[in-house]
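Student: Before we start, here is the structure in question, set down as structure tokens.
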Amino acid sequence: MVKQVQEIDDNSLKQWLLAVANQRDKQAFRALFDYFGPKIRAFGLSRLSQQGLAMDLVQETLTTVWTKAHLFDSDKGNVATWVYTIMRNQCFDMLRRVQHNREDTFGDDIWPLFDSDPASDEFADHKLDNLLAAYLGKLPKLQREVVQGIYLQELSQQELAEKLGVPLGTIKSRLRLGLEKLKSLLEKHHD
Amino acid sequence: MINHHPSDEMLLAHAAGETSFAMALALSAHCELCHQCAERVSLLQQKLARHHLSAPSGVNALDDATRVETRTEAQQSDWLNMDSLFDAITATEAEEPVLTKGDLGPAVTAVKGEQFILPRTFRQLIHSDLASSWKGLGNVSRLRFDTQDGKARASLLHIAAGGEIPEHTHKGVEITLLLDGHFSDEFGSYGPGDFMLMDGSKQHTPITQDGCLCFTVVDAPLHFTRGLSKLLNPIGELIY
Ligand SMILES: [Zn+2]
């Protein structure tokens with residue numbers, strides 16, 4: 001078992017995460033789950049001092065890995081570092097919840113999950129609508145027409161499905177992907 | 001040009017998520033303005049990630065092999081029967097993100113008829129129930145954040161052009177992050193992004209020609225919430 005773990009390198013982690021991002025590959029996720037799970041639990045135990053809270057940290061962190069795998073930037077990032085930031089942010093919020101009974105989440109505001117260029121002068125730029133227009137152009141066409149239809153032409157998802165002749169579920173998933181992409185582009189911009 | 005930065009020890013505590021909330025805000029906002037410290041934190045994060053989450057062989061040069069192996073065995077041996085957790089996680093659908101302007105826009109605040117764009121760290125906080133409203137006396141206005149960090153008091157402080165804060169000392173430590181404008185005191189002059197730490201032994205009288213906006217934390221605990229010394233032990237070489 002230990003021997004097996006030792007052979008895992010950064011590249012395998014990256015391949016697994018990409019398989020989760022692109023194919024929702026459960027086997028690949030299982031490998032990430034078995035690799036990171038015990039380590040996150042050990043970190044959680046040292047910070048939160050309770051088995052139950054440590055397992056909450058495992059669940060919260062790995063759920064984010066599962067649902068946001070497609071936001072990982074494989075060109076810039078290292079998988080372990082990405083998982084670490086998710087875990088650290090989550091743990092920060094959990095400690096506030098335990099110590100101060102606060103349900104708010106500031107971890108991701110304090111340590112943005114996406115790579116940023118903090119020296120950027122665009123810090124002061126807040127012409128949001130222009131930005132949105134510029135970034136819309138960066139979305140793949142299928143996602144762009146759904147985001148535009150819903151937010152600019154104010155069509156309902158059902159109307160848009162009929163107009164484009166695709167199932168409602170397809171509209172929903174294109175919208176989700178498009179908005180997440182847009183959000184990450186804008187967050188990068190504001191960093 | 002930013003001339004005053006947090007210490008390496010503070011940046012490490014920040015990367016580890018071990019500071020108080022108020023301190024994390026100050027450090028995060030500084031890193032947003034200071035490329036150099038942001039790079040440093042990102043490097044420390046990589047090292048911390050390797051320390052906590054990496055494969056035990058070779059990769060982790062900071063631990064000696066035997067200790068790591070024991071730890072790994074202990075970690076792995078009871079990582080069994082986790083199928084229900086696995087099923088619960090993989091049953092989660094990605095949430096549909098809601099795109100709102102509040103979500104994406106910068107944090108803006110207005111005081112004395114002037115509008116300021118704050119670092120994104122404050123986006124949620126400035127609109128939350130933890131933020132009070134601006135209150136002022138003469139040239140000095142303050143917006144307090146109830147960060148619930150014990151004695152520490154965090155606020156945005158605005159001093160109008162030509163204003164001065166009467167000479168004062170601090171019982172504890174005072175952290176000042178200058179966000180906009182300039183000020184000077186007996187020890188030097190400061191510009192946007194500068195991060196200053198004053199301890200109780202010094203007296204100072206800040207004055208500002210052009211007006212300024214700062215984020216300040218008074219009575220900040222300089223001991224970090226937990227385990228920093230323990231943390232420093234295995235990875236002390238990161239900073240010394
Ligand atoms: Zn700096």
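In the structure tokens, each chain is lettered A, B, ... as it comes, each chain's residues begin at 1, and ligands are numbered from 1 in order of appearance.
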List the spatial neighbours of Gln157 (chain A) as a list of chain:residue names - criterion: any atom at most 12 Å away, only C-alpha atoms, same-chain residues fewer than 3 positions off excluded.

Tutor: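 Everything that qualifies: A:Glu145, A:Val146, A:Val147, A:Gln148, A:Gly149, A:Ile150, A:Tyr151, A:Gln153, A:Glu154, A:Leu160, A:Ala161, A:Glu162, A:Lys163, A:Leu164, A:Gly165, A:Val166, A:Pro167, A:Leu168, A:Gly169, A:Thr170, A:Ile171, A:Lys172, A:Ser173, A:Arg174, A:Leu175, A:Arg176.
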
Student: Give me a file of those residues, with C-alpha atoms, as a PDB file, in the first residue's frame.

Tutor:
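Below you can see result-v8.pdb, which holds the result:
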ATOM      1  CA  GLU A 145     -24.878  32.117 -27.038  1.00  0.00           C
ATOM      2  CA  VAL A 146     -26.519  30.635 -23.952  1.00  0.00           C
ATOM      3  CA  VAL A 147     -25.040  33.235 -21.564  1.00  0.00           C
ATOM      4  CA  GLN A 148     -26.002  36.025 -23.963  1.00  0.00           C
ATOM      5  CA  GLY A 149     -29.501  34.650 -24.412  1.00  0.00           C
ATOM      6  CA  ILE A 150     -30.173  34.424 -20.687  1.00  0.00           C
ATOM      7  CA  TYR A 151     -28.435  37.542 -19.429  1.00  0.00           C
ATOM      8  CA  GLN A 153     -31.722  38.975 -24.192  1.00  0.00           C
ATOM      9  CA  GLU A 154     -33.362  37.837 -20.962  1.00  0.00           C
ATOM     10  CA  LEU A 160     -33.639  29.319 -25.312  1.00  0.00           C
ATOM     11  CA  ALA A 161     -33.792  25.511 -25.520  1.00  0.00           C
ATOM     12  CA  GLU A 162     -36.605  25.772 -28.060  1.00  0.00           C
ATOM     13  CA  LYS A 163     -34.892  28.520 -30.011  1.00  0.00           C
ATOM     14  CA  LEU A 164     -31.653  26.563 -30.320  1.00  0.00           C
ATOM     15  CA  GLY A 165     -33.355  23.195 -30.675  1.00  0.00           C
ATOM     16  CA  VAL A 166     -31.446  21.473 -27.857  1.00  0.00           C
ATOM     17  CA  PRO A 167     -32.664  19.824 -24.634  1.00  0.00           C
ATOM     18  CA  LEU A 168     -33.129  21.946 -21.515  1.00  0.00           C
ATOM     19  CA  GLY A 169     -30.374  19.985 -19.738  1.00  0.00           C
ATOM     20  CA  THR A 170     -27.905  21.029 -22.417  1.00  0.00           C
ATOM     21  CA  ILE A 171     -28.801  24.689 -21.890  1.00  0.00           C
ATOM     22  CA  LYS A 172     -28.294  24.267 -18.157  1.00  0.00           C
ATOM     23  CA  SER A 173     -24.883  22.680 -18.490  1.00  0.00           C
ATOM     24  CA  ARG A 174     -23.662  25.162 -21.130  1.00  0.00           C
ATOM     25  CA  LEU A 175     -24.834  28.006 -18.916  1.00  0.00           C
ATOM     26  CA  ARG A 176     -23.075  26.566 -15.903  1.00  0.00           C
TER      27      ARG A 176
END

Student: Grab me every residue within 6 Å of ligand 1, counting only C-alpha atoms and all ligand atoms, and send it over as a ChimeraX atom specification.

Tutor: /B:5,34,36-37

Student: Extract, using only C-alpha atoms, all DNA, RNA and protein residues at most 8 Å from Leu143 (chain B), discarding same-chain residues fewer than 6 positions from it, and format them as a list in words.

Tutor: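 Once the adjacent positions are removed, what remains is Ala131, Ser132, Ser133, Trp134, Lys135, Ser155, Leu156 and Leu157 of chain B.
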
Student: Please provide the set of residues having any atom within 8 Å of region 66-82 of chain A, restricted to only C-alpha atoms, with same-chain residues fewer than 6 positions apart removed, written as a PyMOL selection string.

Tutor: (chain A and resi 10+13-14+17-18+20-22+29+113-115+180-181+184) or (chain B and resi 45-46+49-50+53-54+89-90+92-95)

Student: As an exercise, work out the distance from CA of Arg24 (chain A) to CA of Thr105 (chain A) in Å and give it to one decimal place.

Tutor: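 CA of Arg24 (chain A) sits 26.9 Å away from CA of Thr105 (chain A).
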
Student: If you run DSSP on the backbone, which residues of region 2-83 of chain A are helix (DSSP H, G or I), as a ChimeraX atom specification?

Tutor: /A:2-6,10-23,26-48,51-71,79-83

Student: For Met94 (chain A), which of A:Asp56, A:Asp34, A:Asp9, A:Glu159 is the closest residue, counting only C-alpha atoms?

Tutor: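 Of the candidates, the smallest distance to Met94 (chain A) is held by A:Asp56.
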
Student: Quick one, how far is CA of Ser7 (chain B) from CA of Gln99 (chain A)?

Tutor: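 Straight-line distance from CA of Ser7 (chain B) to CA of Gln99 (chain A) works out to 27.1 Å.
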
Student: Between CA of Asp78 (chain B) and CA of Cys91 (chain A), what distance in Å does the model show, to one decimal?

Tutor: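 Atom-to-atom, CA of Asp78 (chain B) to CA of Cys91 (chain A), that is 22.1 Å.
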
Student: Hey, which of B:Cys31, B:Leu48, B:Met82, B:Leu118 ends up closest to Met55 (chain A)? Count only C-alpha atoms.

Tutor: B:Met82
